[in-house]
$ cat protein-v4.cif   # mmCIF, C-alpha atoms and all ligand atoms
data_target
#
loop_
_atom_site.label_atom_id
_atom_site.label_comp_id
_atom_site.auth_asym_id
_atom_site.auth_seq_id
_atom_site.Cartn_x
_atom_site.Cartn_y
_atom_site.Cartn_z
CA MET H 1 -40.06 1.40 -27.07
CA VAL H 2 -36.45 1.05 -25.94
CA GLU H 3 -36.44 -1.01 -22.74
CA VAL H 4 -34.10 0.55 -20.18
CA LEU H 5 -33.38 -1.00 -16.78
CA VAL H 6 -32.11 1.32 -14.04
CA THR H 7 -30.93 -0.50 -10.91
CA GLY H 8 -30.81 1.61 -7.76
CA GLY H 9 -33.16 4.10 -9.41
CA ALA H 10 -34.70 5.10 -6.06
CA GLY H 11 -31.35 6.35 -4.76
CA PHE H 12 -29.71 9.74 -5.22
CA ILE H 13 -28.06 9.53 -8.64
CA GLY H 14 -30.40 6.82 -9.92
CA SER H 15 -33.53 8.90 -9.27
CA ASN H 16 -32.00 11.92 -10.95
CA PHE H 17 -31.09 9.69 -13.90
CA VAL H 18 -34.61 8.22 -14.17
CA ARG H 19 -36.03 11.75 -14.28
CA TYR H 20 -33.39 12.82 -16.83
CA ALA H 21 -34.04 9.76 -19.02
CA LEU H 22 -37.83 10.14 -19.11
CA ARG H 23 -37.44 13.82 -19.95
CA SER H 24 -34.82 13.30 -22.66
CA HIS H 25 -36.08 10.18 -24.48
CA ASP H 26 -39.72 9.93 -25.57
CA ASP H 27 -39.10 6.41 -26.88
CA TRP H 28 -37.66 4.95 -23.64
CA HIS H 29 -39.58 2.78 -21.20
CA VAL H 30 -37.67 2.85 -17.92
CA THR H 31 -37.88 0.11 -15.31
CA THR H 32 -36.46 0.97 -11.91
CA LEU H 33 -35.29 -2.04 -9.89
CA ASP H 34 -34.59 -1.07 -6.29
CA LYS H 35 -34.47 -2.88 -2.96
CA LEU H 36 -35.43 0.31 -1.09
CA THR H 37 -32.67 0.03 1.49
CA TYR H 38 -32.32 2.87 4.00
CA ALA H 39 -30.92 4.96 1.10
CA GLY H 40 -33.58 4.15 -1.49
CA ARG H 41 -36.89 5.96 -1.26
CA ARG H 42 -40.04 6.13 -3.36
CA GLU H 43 -40.10 9.83 -2.44
CA ASN H 44 -37.00 10.31 -4.61
CA LEU H 45 -39.16 9.42 -7.61
CA HIS H 46 -42.35 11.12 -6.37
CA ASP H 47 -42.94 13.06 -9.58
CA VAL H 48 -42.14 10.23 -12.03
CA ILE H 49 -43.00 6.97 -10.28
CA ASP H 50 -46.43 6.84 -11.99
CA HIS H 51 -45.16 8.15 -15.33
CA PRO H 52 -46.75 6.12 -18.18
CA ARG H 53 -43.29 5.12 -19.42
CA HIS H 54 -41.98 4.10 -15.98
CA THR H 55 -42.33 0.85 -14.02
CA PHE H 56 -41.12 0.43 -10.46
CA VAL H 57 -40.00 -2.99 -9.22
CA HIS H 58 -39.22 -3.38 -5.53
CA ASP H 59 -36.60 -6.11 -5.24
CA ASP H 60 -32.96 -7.02 -4.69
CA ILE H 61 -30.59 -7.15 -7.68
CA GLY H 62 -29.21 -10.31 -6.06
CA ASN H 63 -32.57 -12.06 -6.44
CA ALA H 64 -32.02 -13.59 -9.88
CA ALA H 65 -35.63 -14.79 -10.12
CA VAL H 66 -36.67 -11.15 -10.46
CA SER H 67 -33.57 -9.30 -11.69
CA ALA H 68 -32.47 -11.72 -14.45
CA PRO H 69 -35.68 -11.53 -16.55
CA LEU H 70 -35.55 -7.73 -16.27
CA VAL H 71 -31.98 -7.69 -17.61
CA GLU H 72 -32.84 -10.22 -20.30
CA GLN H 73 -35.67 -8.04 -21.71
CA SER H 74 -33.55 -4.83 -21.76
CA GLU H 75 -31.66 -3.04 -24.49
CA ILE H 76 -29.90 -0.79 -21.98
CA VAL H 77 -28.95 -1.47 -18.36
CA VAL H 78 -27.64 1.33 -16.16
CA HIS H 79 -26.45 -0.29 -12.95
CA PHE H 80 -26.34 2.14 -10.03
CA ALA H 81 -27.54 -0.16 -7.22
CA ALA H 82 -24.95 -0.36 -4.47
CA GLU H 83 -24.18 0.24 -0.86
CA THR H 84 -22.44 3.59 -1.14
CA HIS H 85 -21.39 5.15 2.16
CA VAL H 86 -17.72 4.79 3.09
CA ASP H 87 -18.30 5.20 6.86
CA ARG H 88 -20.88 2.41 6.87
CA SER H 89 -18.47 0.14 4.96
CA ILE H 90 -15.85 0.77 7.64
CA GLN H 91 -18.32 -0.24 10.35
CA SER H 92 -19.66 -3.31 8.53
CA ALA H 93 -18.61 -4.41 5.04
CA GLY H 94 -20.74 -7.51 4.45
CA GLU H 95 -23.62 -5.81 2.67
CA PHE H 96 -21.12 -4.03 0.37
CA ILE H 97 -19.70 -7.35 -0.78
CA ARG H 98 -23.19 -8.83 -1.20
CA THR H 99 -24.69 -5.99 -3.21
CA ASP H 100 -21.77 -4.29 -4.92
CA VAL H 101 -19.89 -7.46 -5.91
CA GLU H 102 -22.32 -10.40 -5.79
CA GLY H 103 -25.31 -8.35 -6.94
CA THR H 104 -23.32 -7.13 -9.93
CA PHE H 105 -22.35 -10.73 -10.69
CA VAL H 106 -26.04 -11.76 -10.80
CA LEU H 107 -26.83 -8.96 -13.28
CA LEU H 108 -23.80 -9.75 -15.46
CA GLU H 109 -24.73 -13.44 -15.65
CA ALA H 110 -28.18 -12.42 -16.90
CA ALA H 111 -26.58 -9.96 -19.33
CA ARG H 112 -24.82 -12.89 -21.05
CA ARG H 113 -28.26 -14.21 -22.05
CA ALA H 114 -29.82 -10.83 -22.95
CA ALA H 115 -30.25 -11.08 -26.71
CA ARG H 116 -31.27 -7.43 -27.26
CA LEU H 117 -28.75 -5.86 -24.85
CA ARG H 118 -26.67 -3.14 -26.51
CA ARG H 119 -25.27 -1.37 -23.42
CA PHE H 120 -24.52 -2.34 -19.82
CA VAL H 121 -23.24 0.68 -17.89
CA GLN H 122 -21.32 -0.30 -14.78
CA ILE H 123 -21.41 2.73 -12.48
CA SER H 124 -18.04 2.67 -10.76
CA THR H 125 -16.34 5.47 -8.81
CA ASP H 126 -13.16 7.55 -8.64
CA GLU H 127 -12.54 5.93 -5.24
CA VAL H 128 -11.19 2.82 -7.01
CA TYR H 129 -7.98 4.76 -7.78
CA GLY H 130 -7.36 5.40 -4.08
CA SER H 131 -5.92 8.62 -2.75
CA VAL H 132 -4.20 10.81 -5.35
CA PRO H 133 -1.48 13.00 -3.78
CA ALA H 134 -0.78 14.96 -6.99
CA GLY H 135 -1.94 15.08 -10.60
CA ALA H 136 -5.11 13.38 -11.81
CA SER H 137 -6.12 9.73 -12.30
CA ARG H 138 -6.34 8.42 -15.83
CA GLU H 139 -8.45 5.43 -16.85
CA THR H 140 -5.34 3.31 -17.31
CA ASP H 141 -3.98 3.99 -13.82
CA GLU H 142 -3.57 1.22 -11.28
CA LEU H 143 -6.54 0.65 -8.96
CA LYS H 144 -5.63 1.09 -5.29
CA PRO H 145 -8.92 1.14 -3.35
CA ARG H 146 -8.34 1.86 0.33
CA ASN H 147 -11.66 1.25 2.11
CA PRO H 148 -14.14 -1.65 1.93
CA TYR H 149 -16.64 0.36 -0.16
CA ALA H 150 -13.99 1.33 -2.71
CA ALA H 151 -12.62 -2.22 -2.81
CA SER H 152 -16.05 -3.72 -3.42
CA LYS H 153 -16.65 -1.19 -6.22
CA ALA H 154 -13.25 -2.03 -7.72
CA GLY H 155 -14.20 -5.72 -7.67
CA ALA H 156 -17.45 -4.98 -9.50
CA ASP H 157 -15.67 -2.67 -11.93
CA ARG H 158 -13.21 -5.38 -12.97
CA LEU H 159 -15.86 -8.13 -12.94
CA ALA H 160 -17.92 -6.09 -15.41
CA TYR H 161 -14.83 -5.59 -17.57
CA SER H 162 -14.18 -9.35 -17.55
CA TYR H 163 -17.71 -10.02 -18.86
CA TRP H 164 -16.91 -7.84 -21.86
CA ALA H 165 -13.49 -9.42 -22.42
CA THR H 166 -14.73 -12.99 -21.95
CA TYR H 167 -18.36 -13.02 -23.10
CA ASN H 168 -18.59 -9.86 -25.20
CA VAL H 169 -21.25 -8.29 -22.96
CA PRO H 170 -21.45 -4.63 -24.14
CA VAL H 171 -20.10 -3.19 -20.90
CA ILE H 172 -18.76 0.29 -20.32
CA ILE H 173 -17.45 1.38 -16.95
CA THR H 174 -17.82 4.92 -15.63
CA ARG H 175 -15.80 6.32 -12.73
CA ALA H 176 -17.39 9.49 -11.44
CA SER H 177 -16.21 11.93 -8.80
CA ASN H 178 -18.29 13.13 -5.82
CA ASN H 179 -21.82 13.97 -6.97
CA TYR H 180 -23.99 16.63 -5.39
CA GLY H 181 -27.53 17.87 -5.99
CA PRO H 182 -31.12 17.18 -4.88
CA TYR H 183 -32.27 13.90 -3.27
CA GLN H 184 -28.86 12.94 -1.81
CA PHE H 185 -29.24 11.00 1.43
CA PRO H 186 -28.30 13.27 4.35
CA GLU H 187 -25.45 11.08 5.57
CA LYS H 188 -23.21 12.43 2.76
CA VAL H 189 -21.27 15.56 3.56
CA ILE H 190 -23.17 18.24 1.60
CA PRO H 191 -26.75 17.32 2.57
CA LEU H 192 -25.64 16.44 6.12
CA PHE H 193 -23.93 19.78 6.65
CA VAL H 194 -26.67 21.80 4.95
CA THR H 195 -29.50 20.18 6.91
CA ASN H 196 -27.59 20.33 10.21
CA ALA H 197 -26.75 24.00 9.64
CA ILE H 198 -30.38 24.86 8.82
CA ASP H 199 -31.24 23.54 12.30
CA ASP H 200 -28.16 25.12 13.97
CA ILE H 201 -26.71 21.66 14.71
CA PRO H 202 -22.86 21.43 14.61
CA VAL H 203 -21.32 20.01 11.46
CA PRO H 204 -18.77 17.23 12.17
CA LEU H 205 -15.67 17.95 10.08
CA TYR H 206 -13.31 14.97 9.93
CA GLY H 207 -9.62 15.35 10.81
CA ASP H 208 -7.92 18.58 9.71
CA GLY H 209 -10.63 19.28 7.11
CA LYS H 210 -8.04 19.51 4.34
CA ASN H 211 -9.16 16.47 2.34
CA VAL H 212 -10.04 17.35 -1.22
CA ARG H 213 -12.97 16.11 -3.29
CA ASP H 214 -13.82 16.93 -6.93
CA TRP H 215 -17.50 17.93 -7.08
CA LEU H 216 -19.73 16.93 -10.00
CA HIS H 217 -23.32 18.12 -10.29
CA VAL H 218 -25.63 15.13 -10.64
CA GLU H 219 -27.21 16.54 -13.84
CA ASP H 220 -23.74 16.67 -15.43
CA HIS H 221 -23.22 13.05 -14.42
CA CYS H 222 -26.56 12.15 -16.06
CA SER H 223 -25.62 13.92 -19.28
CA ALA H 224 -22.32 12.01 -19.41
CA LEU H 225 -24.11 8.68 -18.97
CA ASP H 226 -26.69 9.59 -21.60
CA LEU H 227 -23.93 10.38 -24.08
CA LEU H 228 -21.90 7.28 -23.26
CA ILE H 229 -24.82 4.87 -23.73
CA ASP H 230 -24.53 5.53 -27.48
CA ALA H 231 -21.08 7.08 -27.93
CA GLY H 232 -19.11 4.86 -25.56
CA THR H 233 -17.06 1.92 -26.76
CA SER H 234 -17.64 -1.47 -25.14
CA GLY H 235 -14.83 -2.59 -22.86
CA GLU H 236 -13.75 0.99 -22.16
CA VAL H 237 -13.56 2.95 -18.91
CA TYR H 238 -14.57 6.63 -18.72
CA ASN H 239 -13.74 9.07 -15.94
CA VAL H 240 -16.53 11.57 -15.20
CA GLY H 241 -15.22 14.47 -13.12
CA GLY H 242 -16.63 17.90 -12.38
CA GLY H 243 -13.25 19.65 -12.33
CA ASN H 244 -14.14 21.34 -9.03
CA GLU H 245 -11.52 20.40 -6.46
CA VAL H 246 -12.50 21.79 -3.08
CA MET H 247 -11.05 21.27 0.39
CA ASN H 248 -13.65 20.08 2.91
CA VAL H 249 -13.06 23.05 5.22
CA ASP H 250 -13.65 25.48 2.33
CA LEU H 251 -16.78 23.61 1.29
CA THR H 252 -18.04 23.78 4.87
CA ASN H 253 -17.42 27.52 5.13
CA ARG H 254 -19.22 28.11 1.81
CA ILE H 255 -22.25 26.16 3.03
CA LEU H 256 -22.36 28.04 6.33
CA SER H 257 -21.94 31.47 4.77
CA THR H 258 -24.60 30.76 2.10
CA LEU H 259 -27.02 29.88 4.89
CA GLY H 260 -25.94 32.88 6.99
CA LYS H 261 -24.66 30.61 9.78
CA PRO H 262 -21.52 31.17 11.90
CA SER H 263 -18.33 29.14 11.42
CA THR H 264 -18.56 28.27 15.13
CA LEU H 265 -20.96 25.52 13.99
CA ILE H 266 -17.91 23.61 12.72
CA LYS H 267 -17.12 20.76 15.10
CA PRO H 268 -13.73 19.13 14.41
CA VAL H 269 -14.05 15.39 15.06
CA ALA H 270 -11.82 12.32 14.82
CA ASP H 271 -10.76 11.44 11.31
CA ARG H 272 -12.29 8.66 9.20
CA PRO H 273 -9.93 5.63 9.37
CA GLY H 274 -7.85 5.42 6.19
CA HIS H 275 -9.42 8.69 4.98
CA ASP H 276 -8.38 9.27 1.35
CA ARG H 277 -6.72 12.67 1.16
CA ARG H 278 -7.60 13.66 -2.36
CA TYR H 279 -9.38 12.46 -5.49
CA ALA H 280 -8.83 14.01 -8.91
CA LEU H 281 -9.79 12.79 -12.36
CA ASP H 282 -8.33 13.37 -15.80
CA THR H 283 -11.44 13.65 -18.03
CA THR H 284 -9.65 14.07 -21.39
CA LYS H 285 -11.13 10.84 -22.75
CA LEU H 286 -14.77 11.78 -22.10
CA ARG H 287 -14.26 15.38 -23.23
CA GLY H 288 -12.82 13.93 -26.45
CA ILE H 289 -16.22 12.50 -27.35
CA GLY H 290 -18.06 15.75 -26.72
CA TRP H 291 -18.93 15.97 -23.00
CA ALA H 292 -18.20 18.83 -20.65
CA PRO H 293 -19.78 19.64 -17.29
CA ARG H 294 -22.15 22.59 -17.57
CA MET H 295 -22.87 23.49 -13.97
CA PRO H 296 -20.45 25.98 -12.37
CA PHE H 297 -19.78 24.87 -8.80
CA GLU H 298 -20.79 28.20 -7.22
CA ARG H 299 -24.23 28.08 -8.80
CA GLY H 300 -24.66 24.33 -8.35
CA LEU H 301 -23.89 24.56 -4.65
CA THR H 302 -26.18 27.56 -4.09
CA ASP H 303 -29.03 25.84 -5.97
CA THR H 304 -28.47 22.63 -4.02
CA ILE H 305 -28.50 24.42 -0.66
CA GLU H 306 -31.69 26.18 -1.72
CA TRP H 307 -33.25 22.84 -2.71
CA TYR H 308 -32.65 21.38 0.77
CA ARG H 309 -33.82 24.64 2.39
CA THR H 310 -37.14 24.55 0.51
CA ASN H 311 -37.67 20.76 0.56
CA ASP H 312 -37.49 19.83 4.20
CA TRP H 313 -40.54 17.60 3.57
CA TRP H 314 -37.99 15.33 1.92
CA TRP H 315 -35.19 15.17 4.51
CA ARG H 316 -36.84 15.83 7.90
CA PRO H 317 -38.59 12.46 8.02
CA ILE H 318 -35.25 10.75 7.37
CA LYS H 319 -33.32 12.64 10.03
CA GLU H 320 -36.04 12.72 12.68
CA ALA H 321 -38.02 9.53 12.31
CA ASP H 322 -35.90 6.84 10.66
CA PRO H 323 -34.54 4.64 13.47
CA ALA H 324 -31.81 3.18 11.26
CA PHE H 325 -30.49 6.65 10.54
CA ARG H 326 -30.73 7.73 14.18
CA SER H 327 -28.91 4.69 15.54
CA TYR H 328 -26.25 5.04 12.86
CA TYR H 329 -25.52 8.58 13.96
CA GLU H 330 -25.59 7.61 17.61
CA ALA H 331 -22.95 5.01 16.76
CA GLN H 332 -20.94 7.59 14.83
CA TYR H 333 -21.01 10.12 17.63
CA GLY H 334 -20.21 7.38 20.13
CA ARG H 335 -17.04 6.66 18.15
CA ARG H 336 -15.80 10.23 18.45
P1 LIG D 1 -27.46 5.84 -2.95
O1 LIG D 1 -26.93 5.16 -1.73
O2 LIG D 1 -28.14 7.15 -2.83
O3 LIG D 1 -28.47 4.87 -3.70
C1 LIG D 1 -28.24 3.49 -3.86
C2 LIG D 1 -29.55 2.85 -4.33
O4 LIG D 1 -29.31 1.45 -4.54
C3 LIG D 1 -30.68 2.96 -3.29
O5 LIG D 1 -31.87 3.33 -3.91
C4 LIG D 1 -30.77 1.55 -2.72
O6 LIG D 1 -32.06 1.21 -2.24
C5 LIG D 1 -30.37 0.73 -3.93
N1 LIG D 1 -29.87 -0.60 -3.56
C6 LIG D 1 -28.93 -0.91 -2.63
N2 LIG D 1 -28.76 -2.23 -2.56
C7 LIG D 1 -29.58 -2.78 -3.49
C8 LIG D 1 -29.85 -4.12 -3.90
N3 LIG D 1 -29.21 -5.15 -3.35
N4 LIG D 1 -30.75 -4.31 -4.88
C9 LIG D 1 -31.41 -3.26 -5.45
N5 LIG D 1 -31.22 -1.99 -5.08
C10 LIG D 1 -30.31 -1.75 -4.11
O7 LIG D 1 -26.24 5.91 -3.94
P2 LIG D 1 -25.78 7.02 -5.01
O8 LIG D 1 -24.96 8.02 -4.33
O9 LIG D 1 -26.94 7.42 -5.81
O10 LIG D 1 -24.79 6.14 -5.91
C11 LIG D 1 -25.28 5.40 -7.02
C12 LIG D 1 -24.13 4.70 -7.69
O11 LIG D 1 -23.16 5.65 -8.11
C13 LIG D 1 -23.40 3.69 -6.81
O12 LIG D 1 -23.03 2.59 -7.60
C14 LIG D 1 -22.16 4.47 -6.36
O13 LIG D 1 -21.10 3.59 -6.06
C15 LIG D 1 -21.89 5.31 -7.59
N6 LIG D 1 -21.16 6.58 -7.37
C16 LIG D 1 -21.67 7.50 -6.48
C17 LIG D 1 -21.01 8.72 -6.36
C18 LIG D 1 -21.53 9.78 -5.40
O14 LIG D 1 -20.86 10.79 -5.22
N7 LIG D 1 -22.70 9.64 -4.79
C19 LIG D 1 -19.87 9.00 -7.12
C20 LIG D 1 -19.39 8.03 -7.99
C21 LIG D 1 -20.07 6.83 -8.12
O1 LIG D 2 -15.73 10.01 -4.84
C1 LIG D 2 -16.92 9.35 -5.14
C2 LIG D 2 -17.55 8.85 -3.85
O2 LIG D 2 -18.03 10.01 -3.17
C3 LIG D 2 -18.68 7.86 -4.07
O3 LIG D 2 -18.16 6.72 -4.70
C4 LIG D 2 -19.33 7.49 -2.73
O4 LIG D 2 -20.44 6.64 -2.93
C5 LIG D 2 -19.79 8.76 -2.06
O5 LIG D 2 -20.31 8.45 -0.77
C6 LIG D 2 -18.64 9.76 -1.94
O6 LIG D 2 -17.66 9.29 -0.98
P1 LIG D 2 -16.93 10.29 0.05
O7 LIG D 2 -16.44 9.49 1.17
O8 LIG D 2 -16.00 11.19 -0.66
O9 LIG D 2 -18.24 11.18 0.47
P2 LIG D 2 -18.73 11.72 1.88
O10 LIG D 2 -19.85 12.65 1.61
O11 LIG D 2 -18.95 10.62 2.87
O12 LIG D 2 -17.48 12.56 2.39
C7 LIG D 2 -16.96 13.62 1.61
C8 LIG D 2 -15.80 14.24 2.37
O13 LIG D 2 -16.31 14.86 3.56
C9 LIG D 2 -14.78 13.21 2.86
O14 LIG D 2 -13.47 13.76 2.77
C10 LIG D 2 -15.16 12.97 4.30
C11 LIG D 2 -15.73 14.31 4.73
N1 LIG D 2 -16.77 14.22 5.77
C12 LIG D 2 -17.85 13.44 5.52
C13 LIG D 2 -18.87 13.32 6.44
C14 LIG D 2 -20.04 12.41 6.18
C15 LIG D 2 -16.68 14.98 6.92
O15 LIG D 2 -15.71 15.73 7.14
N2 LIG D 2 -17.68 14.87 7.84
C16 LIG D 2 -18.77 14.05 7.65
O16 LIG D 2 -19.65 13.97 8.55
#

$ encode --input "protein-v4.cif" --output "structure tokens"
Amino acid sequence: MVEVLVTGGAGFIGSNFVRYALRSHDDWHVTTLDKLTYAGRRENLHDVIDHPRHTFVHDDIGNAAVSAPLVEQSEIVVHFAAETHVDRSIQSAGEFIRTDVEGTFVLLEAARRAARLRRFVQISTDEVYGSVPAGASRETDELKPRNPYAASKAGADRLAYSYWATYNVPVIITRASNNYGPYQFPEKVIPLFVTNAIDDIPVPLYGDGKNVRDWLHVEDHCSALDLLIDAGTSGEVYNVGGGNEVMNVDLTNRILSTLGKPSTLIKPVADRPGHDRRYALDTTKLRGIGWAPRMPFERGLTDTIEWYRTNDWWWRPIKEADPAFRSYYEAQYGRR
């Protein structure tokens, strides 16, 4: 069996990747290591958590007593675990530094000792490039992160690179654009707006609504990672972009019209401080080794809306019962 460690595997992208990996590789044994923060949930893995080739470990990547032996026994590490929400990082950045930077450091130190390790995938983000007024970011572009989340991810991104350059750890770094799909925590714009609209609750659109994000279906992200584990070159960075640039106001109108809801549900609210205007990725490098996104945005968005519509068992408990989520949104609305 190929031993694969997935950190943050109970989160949005991680849980989709665990499912993808078990489905695609009969010879993989996948260990999920997850702290189960507010964003990590066993429910995200409900259909695979007891799979015979899956083991779930509930712990912090920063706890070397647990995380280091798991890295040391692995052939492949896919490191998703992170604090991920920009608004939370603006309110309080400490946990982002601890998990995204220091947690990554703990894993990389263990990776130096991992005799069988052949791939360490550092999941970075397009946010490390900062706002892109025109054109598209290439892997060689300067990093200009502009919020504490993006800066902590940029730190981890370069730390991982340094462990390849210095210690020959087989690191690759991936920088993906905005993912969407099932099991995304409903603080992020698509699940937040979809689940609010289902309940006829206003959707809070930041600023003038003209910020642009490039949307990548989570399955297309998983297929890129799967390819890169074997076809990537250590020490290299790969952009993973969906090629679907959409203005927030257009995205919002599409969500509302798909659900048959009126545009009067849009509630313009104060802008996010330092709100990046636009992200865009040049994906020539990844396409050059045989990857292309398969999911057209129209279909991906409709399917995703339908998933949230028919799986309210998954999101209602978060929005209605989780005190951390409720107080976070009270704080957000208080700010506006
Ligand atoms: P998420 O917030 O849904 O999940 C993060 C997971 O990490 C959760 O399960 C959480 O419990 C776990 N975690 C947090 N701190 C931990 C710790 N100290 N130890 C162990 N586990 C911990 O995030 P996501 O959207 O799935 O993002 C996954 C990764 O992909 C992150 O590294 C993020 O920066 C990156 N990324 C996300 C996007 C996106 O659009 N969502 C785009 C590009 C890159
Ligand atoms: O680009 C990749 C990044 O995408 C990832 O690295 C992050 O982990 C992920 O959270 C995401 O960051 P964004 O800040 O782009 O995602 P978010 O869903 O928070 O916001 C998307 C856009 O929608 C952004 O322009 C802000 C806007 N927005 C967001 C929320 C939550 C609103 O207008 N209203 C909202 O309530």

$ closest_atom_pairs --input "protein-v4.cif" --of "chain H" --to "ligand LIG 2 (chain D)" --cutoff "7 Å" --atoms "only C-alpha atoms and all ligand atoms" --output "CSV"
residue,atom,partner,partner_atom,distance
H:Thr84,CA,D:LIG2,O4,4.1
H:His85,CA,D:LIG2,O5,4.5
H:Val86,CA,D:LIG2,O7,5.2
H:Asp87,CA,D:LIG2,O11,6.8
H:Thr125,CA,D:LIG2,O3,4.7
H:Asp126,CA,D:LIG2,O1,5.2
H:Glu127,CA,D:LIG2,O1,5.2
H:Ala176,CA,D:LIG2,C1,6.3
H:Ser177,CA,D:LIG2,O1,4.4
H:Asn178,CA,D:LIG2,C1,4.1
H:Asn179,CA,D:LIG2,O2,6.7
H:Glu187,CA,D:LIG2,C14,5.6
H:Lys188,CA,D:LIG2,O10,3.6
H:Val189,CA,D:LIG2,O10,3.8
H:Ile190,CA,D:LIG2,O10,6.5
H:Leu192,CA,D:LIG2,C14,6.9
H:Val203,CA,D:LIG2,O16,6.9
H:Pro204,CA,D:LIG2,O16,5.0
H:Leu205,CA,D:LIG2,O15,3.7
H:Tyr206,CA,D:LIG2,O15,3.8
H:Gly209,CA,D:LIG2,O15,6.2
H:Asn211,CA,D:LIG2,O14,5.1
H:Val212,CA,D:LIG2,O14,6.4
H:Arg213,CA,D:LIG2,O8,6.3
H:Asn248,CA,D:LIG2,O13,5.9
H:His275,CA,D:LIG2,O14,6.9
H:Asp276,CA,D:LIG2,O14,6.9
H:Tyr279,CA,D:LIG2,O1,6.8

$ closest_residue --input "protein-v4.cif" --among "H:Val18, H:Val106, H:Val71, H:Val78" --to "His46 of chain H" --atoms "only C-alpha atoms"
H:Val18

$ closest_residue --input "protein-v4.cif" --among "H:Gly130, H:Gly11, H:Pro186, H:Pro170" --to "ligand LIG 1 (chain D)" --atoms "all atoms listed in the file"
H:Gly11

$ closest_atom_pairs --input "protein-v4.cif" --of "chain H" --to "ligand LIG 1 (chain D)" --cutoff "8 Å" --atoms "all atoms listed in the file" --output "CSV"
residue,atom,partner,partner_atom,distance
H:Thr7,CA,D:LIG1,N5,6.0
H:Gly8,CA,D:LIG1,O4,3.6
H:Gly9,CA,D:LIG1,O5,5.7
H:Ala10,CA,D:LIG1,O5,4.0
H:Gly11,CA,D:LIG1,O5,3.2
H:Phe12,CA,D:LIG1,O9,3.7
H:Ile13,CA,D:LIG1,O9,3.7
H:Gly14,CA,D:LIG1,O9,5.4
H:Ser15,CA,D:LIG1,O9,7.6
H:Leu33,CA,D:LIG1,C9,6.0
H:Asp34,CA,D:LIG1,N5,3.7
H:Lys35,CA,D:LIG1,C9,4.0
H:Leu36,CA,D:LIG1,O6,3.7
H:Thr37,CA,D:LIG1,O6,4.0
H:Tyr38,CA,D:LIG1,O6,6.5
H:Ala39,CA,D:LIG1,C3,4.8
H:Gly40,CA,D:LIG1,O5,3.1
H:Arg41,CA,D:LIG1,O5,6.3
H:His58,CA,D:LIG1,C9,7.8
H:Asp59,CA,D:LIG1,C9,5.9
H:Asp60,CA,D:LIG1,N4,3.5
H:Ile61,CA,D:LIG1,N4,4.0
H:Gly62,CA,D:LIG1,N3,5.8
H:His79,CA,D:LIG1,O12,7.0
H:Phe80,CA,D:LIG1,C12,4.1
H:Ala81,CA,D:LIG1,O4,3.6
H:Ala82,CA,D:LIG1,C6,4.4
H:Glu83,CA,D:LIG1,C6,5.2
H:Thr84,CA,D:LIG1,O1,4.8
H:His85,CA,D:LIG1,O1,6.8
H:Arg98,CA,D:LIG1,N3,7.4
H:Thr99,CA,D:LIG1,N3,4.6
H:Asp100,CA,D:LIG1,O12,7.5
H:Gly103,CA,D:LIG1,N3,6.2
H:Gln122,CA,D:LIG1,O12,7.9
H:Ile123,CA,D:LIG1,O12,5.1
H:Ser124,CA,D:LIG1,C21,5.3
H:Thr125,CA,D:LIG1,C21,4.0
H:Asp126,CA,D:LIG1,C20,6.3
H:Glu127,CA,D:LIG1,C20,7.7
H:Lys153,CA,D:LIG1,O13,6.5
H:Arg175,CA,D:LIG1,C20,6.2
H:Ala176,CA,D:LIG1,C20,4.2
H:Ser177,CA,D:LIG1,C19,5.0
H:Asn178,CA,D:LIG1,O14,3.5
H:Asn179,CA,D:LIG1,O14,3.8
H:Tyr180,CA,D:LIG1,O14,6.6
H:Tyr183,CA,D:LIG1,O2,7.9
H:Gln184,CA,D:LIG1,O2,5.9
H:Phe185,CA,D:LIG1,O2,5.8
H:Leu216,CA,D:LIG1,O14,7.9

$ atom_distance --input "protein-v4.cif" --atom1 "atom CA of Pro182 of chain H" --atom2 "atom CA of Val30 of chain H"
20.5 Å

$ atom_distance --input "protein-v4.cif" --atom1 "atom CA of Thr195 of chain H" --atom2 "atom CA of Thr32 of chain H"
27.8 Å

$ residues_near_point --input "protein-v4.cif" --point "(-39.0, 13.6, -16.3)" --cutoff "12 Å" --atoms "only C-alpha atoms" --output "mmCIF file with C-alpha atoms, keeping the file's coordinate frame"
data_model
loop_
_atom_site.group_PDB
_atom_site.id
_atom_site.type_symbol
_atom_site.label_atom_id
_atom_site.label_comp_id
_atom_site.auth_asym_id
_atom_site.auth_seq_id
_atom_site.Cartn_x
_atom_site.Cartn_y
_atom_site.Cartn_z
ATOM 1 C CA SER H 15 -33.530 8.900 -9.270
ATOM 2 C CA ASN H 16 -32.000 11.920 -10.950
ATOM 3 C CA PHE H 17 -31.090 9.690 -13.900
ATOM 4 C CA VAL H 18 -34.610 8.220 -14.170
ATOM 5 C CA ARG H 19 -36.030 11.750 -14.280
ATOM 6 C CA TYR H 20 -33.390 12.820 -16.830
ATOM 7 C CA ALA H 21 -34.040 9.760 -19.020
ATOM 8 C CA LEU H 22 -37.830 10.140 -19.110
ATOM 9 C CA ARG H 23 -37.440 13.820 -19.950
ATOM 10 C CA SER H 24 -34.820 13.300 -22.660
ATOM 11 C CA HIS H 25 -36.080 10.180 -24.480
ATOM 12 C CA ASP H 26 -39.720 9.930 -25.570
ATOM 13 C CA TRP H 28 -37.660 4.950 -23.640
ATOM 14 C CA HIS H 29 -39.580 2.780 -21.200
ATOM 15 C CA VAL H 30 -37.670 2.850 -17.920
ATOM 16 C CA LEU H 45 -39.160 9.420 -7.610
ATOM 17 C CA HIS H 46 -42.350 11.120 -6.370
ATOM 18 C CA ASP H 47 -42.940 13.060 -9.580
ATOM 19 C CA VAL H 48 -42.140 10.230 -12.030
ATOM 20 C CA ILE H 49 -43.000 6.970 -10.280
ATOM 21 C CA ASP H 50 -46.430 6.840 -11.990
ATOM 22 C CA HIS H 51 -45.160 8.150 -15.330
ATOM 23 C CA PRO H 52 -46.750 6.120 -18.180
ATOM 24 C CA ARG H 53 -43.290 5.120 -19.420
ATOM 25 C CA HIS H 54 -41.980 4.100 -15.980
#
